[in-house]
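Colleague: For reference, the file target_12.pdb (PDB, C-alpha atoms and all ligand atoms) is included below:
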ATOM      1  CA  MET V  15      42.213  44.026   1.855
ATOM      2  CA  THR V  16      38.789  42.556   2.599
ATOM      3  CA  ALA V  17      38.580  38.817   2.166
ATOM      4  CA  GLU V  18      36.068  37.079  -0.040
ATOM      5  CA  ILE V  19      34.158  34.606   2.135
ATOM      6  CA  ILE V  20      34.135  31.044   0.790
ATOM      7  CA  ASN V  21      30.564  29.788   1.091
ATOM      8  CA  GLY V  22      30.948  26.116   2.002
ATOM      9  CA  LYS V  23      27.216  25.701   2.417
ATOM     10  CA  GLU V  24      26.564  26.766  -1.166
ATOM     11  CA  VAL V  25      29.381  24.622  -2.613
ATOM     12  CA  ALA V  26      28.126  21.643  -0.599
ATOM     13  CA  LYS V  27      24.559  22.185  -1.836
ATOM     14  CA  ASN V  28      25.665  22.205  -5.485
ATOM     15  CA  LYS V  29      27.775  19.086  -5.030
ATOM     16  CA  ARG V  30      24.846  17.303  -3.346
ATOM     17  CA  GLU V  31      22.653  18.090  -6.347
ATOM     18  CA  GLU V  32      25.213  16.418  -8.638
ATOM     19  CA  LEU V  33      25.419  13.447  -6.288
ATOM     20  CA  GLY V  34      21.620  13.189  -6.273
ATOM     21  CA  ASN V  35      21.660  12.766 -10.063
ATOM     22  CA  GLU V  36      24.312  10.046  -9.820
ATOM     23  CA  VAL V  37      22.326   8.200  -7.155
ATOM     24  CA  ALA V  38      19.185   8.367  -9.312
ATOM     25  CA  LYS V  39      21.117   6.707 -12.183
ATOM     26  CA  LEU V  40      22.499   4.018  -9.883
ATOM     27  CA  THR V  41      19.052   3.335  -8.458
ATOM     28  CA  GLN V  42      17.680   2.946 -12.001
ATOM     29  CA  GLN V  43      20.337   0.283 -12.504
ATOM     30  CA  GLY V  44      19.052  -1.519  -9.413
ATOM     31  CA  LEU V  45      21.619  -0.361  -6.902
ATOM     32  CA  THR V  46      20.779   2.138  -4.167
ATOM     33  CA  PRO V  47      23.902   3.259  -2.274
ATOM     34  CA  GLY V  48      23.710   2.432   1.433
ATOM     35  CA  LEU V  49      25.522   4.037   4.375
ATOM     36  CA  VAL V  50      25.585   2.818   7.969
ATOM     37  CA  VAL V  51      26.811   5.130  10.718
ATOM     38  CA  ILE V  52      27.728   3.535  14.044
ATOM     39  CA  LEU V  53      27.597   5.630  17.199
ATOM     40  CA  VAL V  54      28.626   4.446  20.660
ATOM     41  CA  GLY V  55      27.403   6.698  23.477
ATOM     42  CA  ASN V  56      25.451   9.955  23.435
ATOM     43  CA  ASP V  57      27.942  12.726  22.741
ATOM     44  CA  PRO V  58      25.692  15.691  21.749
ATOM     45  CA  ALA V  59      28.103  17.003  19.091
ATOM     46  CA  SER V  60      28.371  13.535  17.498
ATOM     47  CA  LEU V  61      24.575  13.214  17.488
ATOM     48  CA  SER V  62      24.292  16.577  15.776
ATOM     49  CA  TYR V  63      26.920  15.696  13.113
ATOM     50  CA  ILE V  64      25.160  12.387  12.465
ATOM     51  CA  ARG V  65      21.827  14.181  11.961
ATOM     52  CA  GLY V  66      23.618  16.261   9.316
ATOM     53  CA  LYS V  67      24.979  13.125   7.667
ATOM     54  CA  GLN V  68      21.544  11.501   7.648
ATOM     55  CA  LYS V  69      19.903  14.600   6.174
ATOM     56  CA  ALA V  70      22.495  14.843   3.388
ATOM     57  CA  ALA V  71      22.322  11.113   2.607
ATOM     58  CA  GLU V  72      18.524  11.054   2.441
ATOM     59  CA  GLU V  73      18.418  14.291   0.434
ATOM     60  CA  ILE V  74      20.461  12.676  -2.350
ATOM     61  CA  GLY V  75      18.695   9.288  -2.159
ATOM     62  CA  VAL V  76      21.288   7.253  -0.216
ATOM     63  CA  HIS V  77      19.805   4.589   2.083
ATOM     64  CA  PHE V  78      20.929   5.607   5.591
ATOM     65  CA  LYS V  79      20.980   3.550   8.775
ATOM     66  CA  LEU V  80      22.073   4.628  12.253
ATOM     67  CA  GLU V  81      23.319   1.925  14.626
ATOM     68  CA  HIS V  82      23.236   3.625  18.030
ATOM     69  CA  PHE V  83      24.676   1.765  21.040
ATOM     70  CA  GLU V  84      24.971   2.493  24.737
ATOM     71  CA  GLU V  85      28.315   3.793  26.033
ATOM     72  CA  THR V  86      28.810   0.360  27.701
ATOM     73  CA  LEU V  87      29.144  -1.542  24.401
ATOM     74  CA  SER V  88      32.378  -3.556  24.523
ATOM     75  CA  GLU V  89      35.110  -3.373  21.887
ATOM     76  CA  THR V  90      34.493  -7.018  20.933
ATOM     77  CA  GLU V  91      30.784  -6.336  20.439
ATOM     78  CA  LEU V  92      31.571  -3.318  18.266
ATOM     79  CA  LEU V  93      34.019  -5.332  16.150
ATOM     80  CA  ASP V  94      31.297  -7.967  15.636
ATOM     81  CA  VAL V  95      28.824  -5.302  14.511
ATOM     82  CA  ILE V  96      31.356  -3.983  11.987
ATOM     83  CA  GLU V  97      32.046  -7.478  10.677
ATOM     84  CA  ASN V  98      28.316  -7.975  10.031
ATOM     85  CA  TYR V  99      28.207  -4.772   7.976
ATOM     86  CA  ASN V 100      31.392  -5.751   6.109
ATOM     87  CA  GLN V 101      29.381  -8.771   4.877
ATOM     88  CA  ASP V 102      26.087  -6.907   4.271
ATOM     89  CA  SER V 103      25.804  -6.065   0.567
ATOM     90  CA  ARG V 104      23.061  -3.438   1.158
ATOM     91  CA  PHE V 105      25.672  -1.124   2.688
ATOM     92  CA  HIS V 106      28.501   0.322   0.606
ATOM     93  CA  GLY V 107      29.799   2.626   3.324
ATOM     94  CA  ILE V 108      30.508   2.027   7.024
ATOM     95  CA  LEU V 109      31.408   4.917   9.320
ATOM     96  CA  VAL V 110      32.131   4.732  13.034
ATOM     97  CA  GLN V 111      31.594   8.161  14.551
ATOM     98  CA  LEU V 112      34.599   9.489  16.493
ATOM     99  CA  PRO V 113      35.495  10.005  19.258
ATOM    100  CA  LEU V 114      34.816   6.569  20.745
ATOM    101  CA  PRO V 115      34.507   5.919  24.491
ATOM    102  CA  LYS V 116      37.918   5.466  26.157
ATOM    103  CA  HIS V 117      37.586   1.689  26.681
ATOM    104  CA  ILE V 118      37.431   1.104  22.903
ATOM    105  CA  ASN V 119      40.630   1.055  20.862
ATOM    106  CA  GLU V 120      40.107   3.401  17.907
ATOM    107  CA  THR V 121      42.842   1.811  15.783
ATOM    108  CA  ALA V 122      41.380  -1.699  16.168
ATOM    109  CA  VAL V 123      37.966  -0.374  15.132
ATOM    110  CA  ILE V 124      39.239   1.498  12.090
ATOM    111  CA  GLU V 125      41.258  -1.524  10.974
ATOM    112  CA  LYS V 126      38.193  -3.758  11.273
ATOM    113  CA  ILE V 127      36.242  -1.824   8.622
ATOM    114  CA  SER V 128      36.710  -3.327   5.177
ATOM    115  CA  PRO V 129      38.915  -0.893   3.158
ATOM    116  CA  GLU V 130      36.343  -1.254   0.338
ATOM    117  CA  LYS V 131      33.614   0.232   2.625
ATOM    118  CA  ASP V 132      35.814   2.694   4.535
ATOM    119  CA  VAL V 133      34.068   5.882   3.397
ATOM    120  CA  ASP V 134      35.927   7.850   6.101
ATOM    121  CA  GLY V 135      39.237   7.000   4.395
ATOM    122  CA  PHE V 136      40.837   6.211   7.772
ATOM    123  CA  HIS V 137      41.864   2.566   7.191
ATOM    124  CA  PRO V 138      45.670   2.218   6.830
ATOM    125  CA  VAL V 139      45.193   0.670   3.375
ATOM    126  CA  ASN V 140      43.349   3.792   2.191
ATOM    127  CA  VAL V 141      45.777   6.121   3.994
ATOM    128  CA  GLY V 142      48.620   4.327   2.173
ATOM    129  CA  ARG V 143      46.850   4.675  -1.158
ATOM    130  CA  MET V 144      46.342   8.399  -0.478
ATOM    131  CA  LEU V 145      50.043   8.824   0.435
ATOM    132  CA  THR V 146      51.093   7.195  -2.814
ATOM    133  CA  GLY V 147      48.634   9.283  -4.840
ATOM    134  CA  GLN V 148      46.353   6.386  -5.820
ATOM    135  CA  ASP V 149      42.615   6.620  -6.368
ATOM    136  CA  THR V 150      40.944   5.829  -3.042
ATOM    137  CA  PHE V 151      38.471   7.062  -0.416
ATOM    138  CA  LEU V 152      39.898  10.357   0.811
ATOM    139  CA  PRO V 153      39.153  11.518   4.375
ATOM    140  CA  CYS V 154      36.113  13.782   4.246
ATOM    141  CA  THR V 155      37.303  17.017   5.885
ATOM    142  CA  PRO V 156      40.660  17.172   4.026
ATOM    143  CA  ALA V 157      38.986  16.242   0.719
ATOM    144  CA  GLY V 158      36.346  18.911   1.366
ATOM    145  CA  ILE V 159      39.051  21.527   1.920
ATOM    146  CA  VAL V 160      40.796  20.652  -1.366
ATOM    147  CA  GLU V 161      37.421  20.777  -3.137
ATOM    148  CA  LEU V 162      36.708  24.251  -1.696
ATOM    149  CA  LEU V 163      40.141  25.528  -2.783
ATOM    150  CA  LYS V 164      39.702  24.147  -6.302
ATOM    151  CA  ILE V 165      36.173  25.505  -6.736
ATOM    152  CA  THR V 166      37.462  28.906  -5.595
ATOM    153  CA  ASN V 167      40.182  28.608  -8.277
ATOM    154  CA  VAL V 168      42.987  28.951  -5.732
ATOM    155  CA  GLU V 169      46.283  28.011  -7.415
ATOM    156  CA  LEU V 170      47.928  25.164  -5.463
ATOM    157  CA  THR V 171      51.051  24.336  -7.475
ATOM    158  CA  GLY V 172      54.162  25.813  -5.871
ATOM    159  CA  LYS V 173      52.176  27.555  -3.129
ATOM    160  CA  HIS V 174      53.374  27.477   0.450
ATOM    161  CA  VAL V 175      50.723  25.761   2.564
ATOM    162  CA  VAL V 176      51.080  25.962   6.340
ATOM    163  CA  VAL V 177      48.959  23.457   8.260
ATOM    164  CA  ILE V 178      48.499  24.014  11.993
ATOM    165  CA  GLY V 179      47.524  20.700  13.592
ATOM    166  CA  ARG V 180      48.765  17.166  13.021
ATOM    167  CA  SER V 181      45.726  14.973  13.740
ATOM    168  CA  ASN V 182      45.138  11.829  11.693
ATOM    169  CA  LEU V 183      41.647  13.171  10.877
ATOM    170  CA  VAL V 184      42.574  16.532   9.392
ATOM    171  CA  GLY V 185      46.096  17.967   9.790
ATOM    172  CA  LYS V 186      48.243  15.136   8.439
ATOM    173  CA  PRO V 187      45.986  14.140   5.509
ATOM    174  CA  VAL V 188      45.196  17.684   4.337
ATOM    175  CA  GLY V 189      48.919  18.436   4.094
ATOM    176  CA  GLN V 190      49.447  15.218   2.149
ATOM    177  CA  LEU V 191      46.582  15.942  -0.277
ATOM    178  CA  LEU V 192      47.994  19.396  -0.967
ATOM    179  CA  LEU V 193      51.480  17.939  -1.430
ATOM    180  CA  ASN V 194      49.878  15.649  -4.038
ATOM    181  CA  GLU V 195      48.661  18.886  -5.700
ATOM    182  CA  ASN V 196      52.287  20.144  -5.880
ATOM    183  CA  ALA V 197      52.093  22.580  -2.974
ATOM    184  CA  THR V 198      55.005  23.014  -0.567
ATOM    185  CA  VAL V 199      53.739  22.025   2.861
ATOM    186  CA  THR V 200      54.869  23.002   6.354
ATOM    187  CA  TYR V 201      53.274  21.307   9.369
ATOM    188  CA  CYS V 202      53.032  23.196  12.668
ATOM    189  CA  HIS V 203      51.845  21.838  16.019
ATOM    190  CA  SER V 204      51.857  22.449  19.767
ATOM    191  CA  ARG V 205      55.672  22.127  19.979
ATOM    192  CA  THR V 206      56.401  24.397  17.016
ATOM    193  CA  LYS V 207      58.617  27.349  17.923
ATOM    194  CA  ASN V 208      57.905  30.858  16.598
ATOM    195  CA  LEU V 209      54.559  29.776  15.144
ATOM    196  CA  SER V 210      53.569  33.236  13.966
ATOM    197  CA  GLU V 211      56.780  33.591  11.906
ATOM    198  CA  LEU V 212      55.774  30.448  10.004
ATOM    199  CA  THR V 213      52.080  31.250   9.600
ATOM    200  CA  LYS V 214      53.007  34.661   8.145
ATOM    201  CA  GLN V 215      54.869  32.860   5.335
ATOM    202  CA  ALA V 216      51.775  30.923   4.261
ATOM    203  CA  ASP V 217      50.086  31.528   0.912
ATOM    204  CA  ILE V 218      47.432  29.115   2.178
ATOM    205  CA  LEU V 219      46.935  28.752   5.927
ATOM    206  CA  ILE V 220      44.947  25.796   7.266
ATOM    207  CA  VAL V 221      44.081  25.934  10.943
ATOM    208  CA  ALA V 222      42.899  22.769  12.718
ATOM    209  CA  VAL V 223      43.816  23.109  16.389
ATOM    210  CA  GLY V 224      40.454  23.240  18.182
ATOM    211  CA  ARG V 225      41.102  26.497  20.054
ATOM    212  CA  ALA V 226      38.770  29.438  19.590
ATOM    213  CA  ASN V 227      40.328  32.468  17.872
ATOM    214  CA  PHE V 228      43.816  30.907  18.069
ATOM    215  CA  ILE V 229      45.002  32.720  14.920
ATOM    216  CA  GLY V 230      44.629  36.491  14.673
ATOM    217  CA  GLY V 231      45.132  39.025  11.900
ATOM    218  CA  LYS V 232      48.766  39.599  12.921
ATOM    219  CA  ASP V 233      49.557  35.920  12.162
ATOM    220  CA  ILE V 234      48.367  36.099   8.549
ATOM    221  CA  LYS V 235      50.210  37.335   5.443
ATOM    222  CA  GLU V 236      48.368  39.991   3.437
ATOM    223  CA  GLY V 237      46.408  38.225   0.680
ATOM    224  CA  ALA V 238      46.722  34.704   2.104
ATOM    225  CA  VAL V 239      43.939  32.148   1.730
ATOM    226  CA  VAL V 240      42.749  31.078   5.200
ATOM    227  CA  ILE V 241      40.878  27.827   5.857
ATOM    228  CA  ASP V 242      39.393  27.511   9.335
ATOM    229  CA  VAL V 243      38.682  23.925  10.391
ATOM    230  CA  GLY V 244      37.897  24.639  14.056
ATOM    231  CA  VAL V 245      34.392  24.181  15.470
ATOM    232  CA  ASN V 246      34.450  25.619  19.006
ATOM    233  CA  ARG V 247      31.329  26.143  21.077
ATOM    234  CA  LEU V 248      31.596  29.233  23.284
ATOM    235  CA  GLU V 249      29.979  29.650  26.710
ATOM    236  CA  ASN V 250      27.273  31.827  25.155
ATOM    237  CA  GLY V 251      26.339  28.851  22.947
ATOM    238  CA  LYS V 252      27.717  30.431  19.762
ATOM    239  CA  LEU V 253      30.061  28.577  17.419
ATOM    240  CA  CYS V 254      33.405  30.001  16.470
ATOM    241  CA  GLY V 255      36.440  28.851  14.527
ATOM    242  CA  ASP V 256      40.156  28.674  15.323
ATOM    243  CA  VAL V 257      40.675  31.904  13.374
ATOM    244  CA  HIS V 258      39.606  35.343  14.611
ATOM    245  CA  PHE V 259      37.142  35.980  11.782
ATOM    246  CA  ASP V 260      36.893  39.788  11.932
ATOM    247  CA  GLU V 261      40.678  40.253  12.082
ATOM    248  CA  ALA V 262      41.410  37.671   9.374
ATOM    249  CA  LYS V 263      38.808  39.242   7.073
ATOM    250  CA  GLU V 264      40.884  42.440   6.921
ATOM    251  CA  VAL V 265      44.082  40.635   5.828
ATOM    252  CA  ALA V 266      43.193  37.483   3.887
ATOM    253  CA  SER V 267      42.134  37.252   0.235
ATOM    254  CA  TYR V 268      39.791  34.308   0.882
ATOM    255  CA  LEU V 269      38.468  33.011   4.201
ATOM    256  CA  THR V 270      36.158  30.188   5.277
ATOM    257  CA  PRO V 271      33.583  31.022   7.964
ATOM    258  CA  VAL V 272      32.525  28.890  10.946
ATOM    259  CA  PRO V 273      29.804  27.758  10.703
ATOM    260  CA  GLY V 274      29.185  27.396   6.971
ATOM    261  CA  GLY V 275      32.701  26.763   5.655
ATOM    262  CA  VAL V 276      34.495  23.441   5.914
ATOM    263  CA  GLY V 277      31.839  21.633   8.041
ATOM    264  CA  PRO V 278      29.143  21.249   5.340
ATOM    265  CA  MET V 279      31.817  19.928   2.952
ATOM    266  CA  THR V 280      32.811  17.193   5.438
ATOM    267  CA  ILE V 281      29.290  15.826   5.265
ATOM    268  CA  THR V 282      29.049  16.162   1.490
ATOM    269  CA  MET V 283      32.348  14.340   0.900
ATOM    270  CA  LEU V 284      31.000  11.454   2.975
ATOM    271  CA  ALA V 285      28.050  11.223   0.588
ATOM    272  CA  HIS V 286      30.532  11.448  -2.321
ATOM    273  CA  ASN V 287      32.572   8.515  -0.932
ATOM    274  CA  THR V 288      29.426   6.440  -0.379
ATOM    275  CA  VAL V 289      28.346   6.958  -3.996
ATOM    276  CA  LYS V 290      31.906   6.156  -5.148
ATOM    277  CA  SER V 291      31.826   2.893  -3.196
ATOM    278  CA  ALA V 292      28.448   1.919  -4.672
ATOM    279  CA  LYS V 293      29.761   2.630  -8.183
ATOM    280  CA  GLN V 294      32.781   0.416  -7.523
ATOM    281  CA  THR V 295      30.457  -2.396  -6.414
ATOM    282  CA  LEU V 296      28.494  -2.057  -9.655
ATOM    283  CA  GLN V 297      31.678  -2.093 -11.737
ATOM    284  CA  LYS V 298      32.903  -5.266  -9.984
ATOM    285  CA  SER V 299      29.544  -6.969 -10.610
ATOM    286  CA  HIS V 300      29.963  -6.291 -14.369
ATOM    287  CA  VAL V 301      33.438  -7.839 -14.571
TER     288      VAL V 301
HETATM  289  N1  LIG Q   1      34.118   9.060  11.795
HETATM  290  C1  LIG Q   1      34.317  10.398  11.829
HETATM  291  N2  LIG Q   1      34.247  11.041  12.996
HETATM  292  C2  LIG Q   1      34.477  12.397  13.008
HETATM  293  C3  LIG Q   1      34.739  13.118  11.811
HETATM  294  C4  LIG Q   1      34.820  12.381  10.601
HETATM  295  O1  LIG Q   1      35.097  12.930   9.506
HETATM  296  N3  LIG Q   1      34.589  11.027  10.646
HETATM  297  N4  LIG Q   1      34.851  14.504  11.830
HETATM  298  C5  LIG Q   1      34.491  15.245  13.015
HETATM  299  C6  LIG Q   1      33.051  15.644  13.157
HETATM  300  N5  LIG Q   1      32.273  15.787  11.912
HETATM  301  C7  LIG Q   1      31.893  14.693  11.250
HETATM  302  O2  LIG Q   1      31.772  13.609  11.757
HETATM  303  C8  LIG Q   1      31.733  17.055  11.533
HETATM  304  C9  LIG Q   1      32.097  18.233  12.152
HETATM  305  C10 LIG Q   1      31.472  19.447  11.807
HETATM  306  C11 LIG Q   1      30.478  19.463  10.843
HETATM  307  C12 LIG Q   1      29.709  20.712  10.500
HETATM  308  O3  LIG Q   1      28.905  20.675   9.615
HETATM  309  N6  LIG Q   1      29.919  21.802  11.193
HETATM  310  C13 LIG Q   1      29.088  22.961  11.001
HETATM  311  C14 LIG Q   1      28.628  23.469  12.351
HETATM  312  C15 LIG Q   1      27.813  22.436  13.037
HETATM  313  C16 LIG Q   1      27.160  22.904  14.312
HETATM  314  O4  LIG Q   1      26.292  23.785  14.236
HETATM  315  O5  LIG Q   1      27.497  22.370  15.373
HETATM  316  C17 LIG Q   1      29.843  24.035  10.272
HETATM  317  O6  LIG Q   1      31.070  24.122  10.444
HETATM  318  O7  LIG Q   1      29.191  24.781   9.533
HETATM  319  C18 LIG Q   1      30.134  18.304  10.234
HETATM  320  C19 LIG Q   1      30.748  17.112  10.568
HETATM  321  C20 LIG Q   1      34.831  14.442  14.270
HETATM  322  N7  LIG Q   1      34.398  13.089  14.169
END
Reformat the file's structure so that it appears as structure tokens.
Ligand SMILES: Nc1nc2c(c(=O)[nH]1)N[C@@H](CN(C=O)c1ccc(C(=O)N[C@@H](CCC(=O)O)C(=O)O)cc1)CN2
Modeller:
Amino acid sequence: MTAEIINGKEVAKNKREELGNEVAKLTQQGLTPGLVVILVGNDPASLSYIRGKQKAAEEIGVHFKLEHFEETLSETELLDVIENYNQDSRFHGILVQLPLPKHINETAVIEKISPEKDVDGFHPVNVGRMLTGQDTFLPCTPAGIVELLKITNVELTGKHVVVIGRSNLVGKPVGQLLLNENATVTYCHSRTKNLSELTKQADILIVAVGRANFIGGKDIKEGAVVIDVGVNRLENGKLCGDVHFDEAKEVASYLTPVPGGVGPMTITMLAHNTVKSAKQTLQKSHV
């Protein structure tokens, strides 16, 4: 079998066009969605992801602001900055780029963002709403994965999804979102025994471990759908995923590439959440 490659770039482009139309309508009604991204330090990967976020936001007409601070910013100062944006009605979305420097407590920062502006979907209130299947801001990478699966017409009900990775950013929420779609979900992680036996049972395999070529063709069931969330930079400067692309291509039915698979959807779902937040603001102003 030769896998069909899921073109995340193309799906993201189409979704951004739709979002652009929604933003134009909102702007006509006097409300331009606003997004502020807060970065502490100069991590090159974070800077590159933020450039992508800015490009996508501006492309669809969202007002974008970057608040860039030195690595030495204190946690108290960061919490004060967030509080100011919680009160600032020009901004409907607040995102603090992760990872943060070690002296800043990530949980305290996430909990400081108003749940109504938490376009990352990381605040415990929004995580709770997601767990209970309520309408809320969904975390961007997991939501992007579900969107890719749906657009590809992959059946989710009753399918066995195996998620490798249990981070709060990707592993845990993507499993939960697919459980909400009636899939049967198995979580695997660094302590899982006989990993390959489990991955070979997956109808849909989601790999988010951050290790280049961690999953090979022998770990994949014939015809499985494989979603590669890894973004690993090799010594030669090239990017590669957690899945050995050439091997997986021979076994899977569908496969996401790196780059050009899940990554562009992460950025697009952020724009989606920002527009959603702006729409909610408009609705509240009409009540
Ligand atoms: N506050 C947040 N921090 C982080 C998140 C997040 O969702 N919210 N996710 C990741 C990084 N990330 C977005 O911030 C992100 C990662 C990868 C991509 C992407 O487009 N990848 C491209 C390749 C990019 C490259 O050339 O380097 C691809 O896969 O095609 C976008 C966003 C951690 N932090």
Colleague: Between V:Leu92, V:Leu61, V:Leu80, V:Val110, which residue has the minimum interatomic distance to ligand LIG 1 (chain Q), considering all atoms listed in the file?
Modeller: V:Val110
Colleague: With 3 Å of padding per side, what axis-aligned box (centre and edge lengths, Å, one decimal) covers all the listed atoms of ligand LIG 1 (chain Q)? Give it as JSON.
Modeller:
{"center_x": 30.7, "center_y": 16.9, "center_z": 12.4, "size_x": 14.8, "size_y": 21.7, "size_z": 11.9}
Colleague: Quick one, how far is atom CA of V:Gly185 from atom CA of V:Ile234?
Modeller: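 We find that atom CA of V:Gly185 and atom CA of V:Ile234 lie 18.3 Å from each other.
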Colleague: Residues within 8 Å of ligand LIG 1 (chain Q) should be enumerated using all atoms listed in the file and returned as a ChimeraX atom specification.
Modeller: /V:22-23,59-60,62-64,66-67,109-113,134,153-155,183,243-245,247,253,271-281,284
Colleague: I need the output of the PyMOL selection byres (((chain V and resi 93) around 10) and not hetatm) for this file as number ranges by chain; which residues are they?
Modeller: V: 88-92, 94-98, 118, 122-127
Colleague: Tell me which residues the PyMOL selection byres (((chain V and resi 26-34) around 9) and not hetatm) grabs here, as a list in words.
Modeller: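 For this structure, the PyMOL selection byres (((chain V and resi 26-34) around 9) and not hetatm) resolves to Asn21, Gly22, Lys23, Glu24, Val25, Asn35, Glu36, Val37, Ala38, Lys39, Ala70, Ala71, Glu73, Ile74, Gly75, Val76, Gly158, Pro278, Met279, Thr280, Ile281, Thr282, Met283, Ala285, His286 and Val289 of chain V.
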Colleague: Determine the residue membership of the PyMOL selection byres (((chain V and resi 228) around 9) and not hetatm) for the file above and supply it as JSON, numbers by chain.
Modeller: {"V": [221, 223, 224, 225, 226, 227, 229, 230, 255, 256, 257, 258]}
Colleague: Just to be explicit: take each residue in the selection above, keep C-alpha atoms, and write the result as a compact mmCIF listing (two decimals), in the coordinates of the input.
Modeller:
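Result file follows (out.txt):
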# COMPACT_ATOMS: atom_id res chain seq x y z
CA VAL V 221 44.08 25.93 10.94
CA VAL V 223 43.82 23.11 16.39
CA GLY V 224 40.45 23.24 18.18
CA ARG V 225 41.10 26.50 20.05
CA ALA V 226 38.77 29.44 19.59
CA ASN V 227 40.33 32.47 17.87
CA ILE V 229 45.00 32.72 14.92
CA GLY V 230 44.63 36.49 14.67
CA GLY V 255 36.44 28.85 14.53
CA ASP V 256 40.16 28.67 15.32
CA VAL V 257 40.67 31.90 13.37
CA HIS V 258 39.61 35.34 14.61
Colleague: For atom CA of V:Val176 and atom CA of V:Lys207, determine how far apart the two atoms are, in Å to one decimal place.
Modeller: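 The value is 13.9 Å.
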